[in-house]
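What follows is a set of notes on a single structure, which appears directly below.
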Amino acid sequence: GTGVVTATPEQGDVEYLSPVTIGGQTINMDFDSGSSDLWVFNTELAAGSQAGHSNFNPETSTTFQLLQGASFEISYGDGSGAAGNVGTDTVNIGGATVTNQAVELATAVSSSFVQDTQSNGLVGLAFSKLNTIKPVQQKTFFDNAIATLPIPVFTADLRHAAVGAYEFGNIDSTKFNGSLSWTDVNATSGFWQFSSQQFAVGTGPTMNLAGGQAIADTGTTLMIADPSIVNAYYSQVQGAVNNETVGGVTFPCAAQLPDLAVDIGGNYMATVRGDDINFSPVDAAGTTCFGGLQAGTAGGLQIYGDIMFKSQFVAFNGGNNSIGMAPHQ
Ligand SMILES: N[C@H]1[C@H](O)[C@@H](Sc2ccccc2)[C@@H]2OC[C@H]1O2
């Protein structure tokens with residue numbers, strides 16, 4: 001069957017949380033199309049790390065089974081990480097259910113996870129080749145569910161400061177304008193990766209980024225693009241500066257921010273709303289604001305995170321490895 005759950009933004013749209021039922025216990029988790037482990041805060045974790053979180057208790061689940069000798073250890077792009085043991089349990093996301101899903105029980109988590117008490121773990125939705133479980137790699141929830149879904153798709157409908165949704169096995173055409181533009185994904189990296197070789201700032205000319213590649217990553221808050229895009233964009237914003245202290249580009253909060261259009265696989269120019277690129281104030285007075293568009297390394301893999309998802313409804317097709325996009329309704 002299909003499954004649909006709410007995707008509720010934390011304050012400032014830092015991340016989006018969705019309810020997941022594991023062995024009958026419902027826990028709010030961060031759905032991450034940029035990784036492939038499902039790990040959860042749990043009662044095996046040190047009490048200090050458990051504090052403030054919803055902690056899965058494998059002992060009170062009648063369907064949990066330890067996966068003897070299995071462990072995981074994951075490091076994320078932002079330097080955070082988690083590690084621990086592994087079991088299997090019944091995982092239900094809005095009705096879409098997998099009876100033998102690998103559930104990773106963290107026994108160690110980095111401080112950024114401990115401090116974020118609204119998030120109690122991640123649901124990895126990238127390709128299973130990135131799963132970190134050893135000695136035998138396990139599948140993601142989507143990989144396990146795909147055969148039972150009416151269509152082999154999940155969709156992300158993330159909104160600025162409003163509740164959106166993740167849906168498995170159905171594409172709700174009331175949630176986007178027009179029709180989806182589909183692009184082939186190169187799954188070799190294990191990410192939902194596509195070419196992105198052109199961009200335009202506001203009503204300006206289309207510019208080239210030869211060889212540009214990007215991934216669609218719901219677990220990344222911002223939009224990390226090639227320096228050539230970032231420089232071209234902020235050259236159009238009065239008062240924009242690269243603020244080393246703050247760690248990225250800032251500008252006056254009153255600035256008028258242009259839209260940014262980026263090429264998706266040569267088939268579609270996805271427009272990212274300028275308003276969403278005004279991400280958050282860095283000072284109490286709300287005078288200086290931090291950009292939702294920041295620079296990665298030149299020629300590196302670009303990461304189109306929540307800043308893009310707030311403008312675009314995205315469908316992930318695991319049947320033919322493609323991504324569909326259209327502006328939100
Ligand atoms: N795919 C992303 C992942 O979901 C997050 S993990 C995370 C870390 C701290 C707080 C919340 C989430 C991390 O940032 C970018 C990349 O790695």
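Starting from 1 in every chain, residues are counted up; chains themselves are A, B, ... following the order of the structure tokens, and ligands are numbered from 1 as listed.
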>> Distance limit 6 Å, reference ligand 1, atoms considered: only C-alpha atoms and all ligand atoms. Which residues make the cut? Give them as a PyMOL selection string.
In response: chain A and resi 32+34-35+76-78+80+112-113+217+219-220
Dump N, CA, C and O atoms for the selected residues as a CSV table (one decimal), in the first residue's frame?
chain,number,residue,atom,x,y,z
A,32,ASP,N,16.2,11.6,4.9
A,32,ASP,CA,17.5,12.0,4.3
A,32,ASP,C,17.8,11.4,3.0
A,32,ASP,O,18.3,10.2,2.9
A,34,GLY,N,20.0,12.0,1.2
A,34,GLY,CA,21.5,12.0,0.9
A,34,GLY,C,22.2,11.0,1.7
A,34,GLY,O,23.5,11.0,1.7
A,35,SER,N,21.6,10.0,2.3
A,35,SER,CA,22.3,8.9,3.0
A,35,SER,C,21.4,7.7,3.0
A,35,SER,O,20.2,7.8,2.6
A,76,TYR,N,28.6,12.1,8.3
A,76,TYR,CA,27.9,12.9,7.4
A,76,TYR,C,28.7,14.0,6.9
A,76,TYR,O,29.8,14.4,7.5
A,77,GLY,N,28.3,14.7,5.8
A,77,GLY,CA,29.0,15.7,5.2
A,77,GLY,C,29.3,16.9,6.1
A,77,GLY,O,30.3,17.6,5.9
A,78,ASP,N,28.5,17.1,7.1
A,78,ASP,CA,28.7,18.2,8.0
A,78,ASP,C,29.6,17.8,9.2
A,78,ASP,O,29.8,18.6,10.1
A,80,SER,N,29.1,15.4,11.3
A,80,SER,CA,28.5,14.7,12.4
A,80,SER,C,28.5,13.2,12.1
A,80,SER,O,28.9,12.8,11.0
A,112,SER,N,25.8,17.3,17.8
A,112,SER,CA,24.8,18.1,17.0
A,112,SER,C,23.5,17.3,17.0
A,112,SER,O,22.4,17.9,17.0
A,113,PHE,N,23.6,16.0,17.1
A,113,PHE,CA,22.3,15.2,17.1
A,113,PHE,C,21.7,15.2,18.5
A,113,PHE,O,20.5,15.4,18.7
A,217,ASP,N,19.2,16.4,-2.0
A,217,ASP,CA,19.5,16.0,-0.6
A,217,ASP,C,18.5,16.6,0.4
A,217,ASP,O,18.8,17.8,0.9
A,219,GLY,N,18.2,16.1,3.4
A,219,GLY,CA,18.8,16.2,4.7
A,219,GLY,C,19.8,17.4,4.9
A,219,GLY,O,20.3,17.6,6.0
A,220,THR,N,20.0,18.1,3.7
A,220,THR,CA,20.9,19.2,3.8
A,220,THR,C,20.0,20.5,3.9
A,220,THR,O,19.0,20.6,3.1
>> Show me, as a list in words, the residues that have an atom within 6 Å of region 139-144 of chain A when counting only C-alpha atoms, minus same-chain residues fewer than 2 positions from it.
In response: Ser36, Ser128 and Ile146 of chain A
Would you save the residues from that selection as a compact mmCIF listing (two decimals), in the first residue's frame, using C-alpha atoms?
# COMPACT_ATOMS: atom_id res chain seq x y z
CA SER A 36 21.15 5.27 3.32
CA SER A 128 21.40 1.07 -0.54
CA ILE A 146 9.45 -0.61 -3.43
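Between CA of Gly274 (chain A) and CA of Val163 (chain A) there is a distance of 20.3 Å.
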> Which polymer residues have any atom within 12 Å of an atom of Ser235 (chain A), counting only C-alpha atoms, with same-chain residues fewer than 2 positions away left out, as a PyMOL selection string?
Replying inline: chain A and resi 201-202+204+227-233+237-242+249+251+257-258
> Which polymer residues have any atom within 12 Å of an atom of Gly248 (chain A), counting only C-alpha atoms, with same-chain residues fewer than 5 positions away left out, as a ChimeraX atom specification?
Replying inline: /A:222,224,227,230-231,234,240-243,279,282,289-296
>> I'd like to know which residues of region 62-297 of chain A are strand (DSSP E or B) (by DSSP, run on the backbone); could you write them as number ranges by chain?
In response: A: 65-75, 81-93, 96-109, 121-124, 134, 153-159, 162-168, 176, 181-184, 186, 193-195, 198-201, 206-208, 213-216, 223-225, 241-243, 248-252, 260-264, 268-272, 278-281, 288-291, 293-295
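Once region 92-109 of chain A and its same-chain neighbours fewer than 6 positions away are set aside, Gly1, Thr2, Gly3, Val4, Val5, Val20, Thr21, Leu38, Trp39, Val40, Leu45, Gly81, Ala82, Ala83, Gly84, Asn85, Val86 and Ala145 of chain A remain within 6 Å of it when counting only C-alpha atoms.
Every protein, DNA or RNA residue with an atom at most 12 Å from Asn186 (chain A), where only C-alpha atoms count and chain neighbours fewer than 2 positions away do not, is listed here: Ala126, Phe127, Thr183, Asp184, Thr188, Ser189, Gly190, Phe191, Trp192, Gln193, Phe194, Ser195, Gln213, Ala214, Ile215, Ala216, Gly265, Gly318, Asn320, Asn321, Ser322 and Ile323 of chain A.
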Any chance you could tabulate, as a Markdown table, the residues of region 63-175 of chain A at most 9 Å from region 297-312 of chain A with each one's nearest atom pair and distance in Å to one decimal, using only C-alpha atoms, in chain and rising number order?
| residue | atom | partner | partner_atom | distance |
| --- | --- | --- | --- | --- |
| A:Ala156 | CA | A:Phe309 | CA | 7.5 |
| A:Asp157 | CA | A:Phe309 | CA | 7.2 |
| A:Leu158 | CA | A:Lys310 | CA | 5.3 |
| A:Arg159 | CA | A:Lys310 | CA | 4.7 |
| A:His160 | CA | A:Lys310 | CA | 5.7 |
>> Set the distance at 9 Å and use only C-alpha atoms: which residues neighbour region 285-288 of chain A once local chain neighbours fewer than 3 positions away are removed? I'd like the list as a PyMOL selection string.
In response: chain A and resi 250-254+280-282
Can those selected residues be exported to a file as a short mmCIF file (atom, residue, chain, number, x, y, z; two decimals), in the first residue's frame so that it contains N, CA, C and O atoms?
data_model
loop_
_atom_site.label_atom_id
_atom_site.label_comp_id
_atom_site.auth_asym_id
_atom_site.auth_seq_id
_atom_site.Cartn_x
_atom_site.Cartn_y
_atom_site.Cartn_z
N THR A 250 26.77 36.65 3.82
CA THR A 250 25.66 37.35 4.49
C THR A 250 25.32 38.59 3.67
O THR A 250 26.08 39.01 2.80
N PHE A 251 24.14 39.16 3.95
CA PHE A 251 23.69 40.36 3.26
C PHE A 251 22.68 41.06 4.18
O PHE A 251 22.20 40.44 5.15
N PRO A 252 22.35 42.33 3.88
CA PRO A 252 21.35 43.02 4.70
C PRO A 252 20.02 42.28 4.61
O PRO A 252 19.59 41.91 3.50
N CYS A 253 19.35 42.06 5.72
CA CYS A 253 18.09 41.30 5.71
C CYS A 253 17.05 41.97 4.83
O CYS A 253 16.15 41.31 4.31
N ALA A 254 17.20 43.27 4.59
CA ALA A 254 16.23 44.01 3.76
C ALA A 254 16.51 43.83 2.28
O ALA A 254 15.75 44.31 1.44
N SER A 280 18.31 33.12 7.24
CA SER A 280 18.06 33.43 8.66
C SER A 280 18.93 34.60 9.11
O SER A 280 20.05 34.78 8.60
N PRO A 281 18.44 35.38 10.09
CA PRO A 281 19.26 36.48 10.63
C PRO A 281 20.45 35.91 11.41
O PRO A 281 20.34 34.83 12.02
N VAL A 282 21.56 36.61 11.35
CA VAL A 282 22.72 36.17 12.14
C VAL A 282 22.88 37.03 13.39
O VAL A 282 23.65 36.69 14.28
#
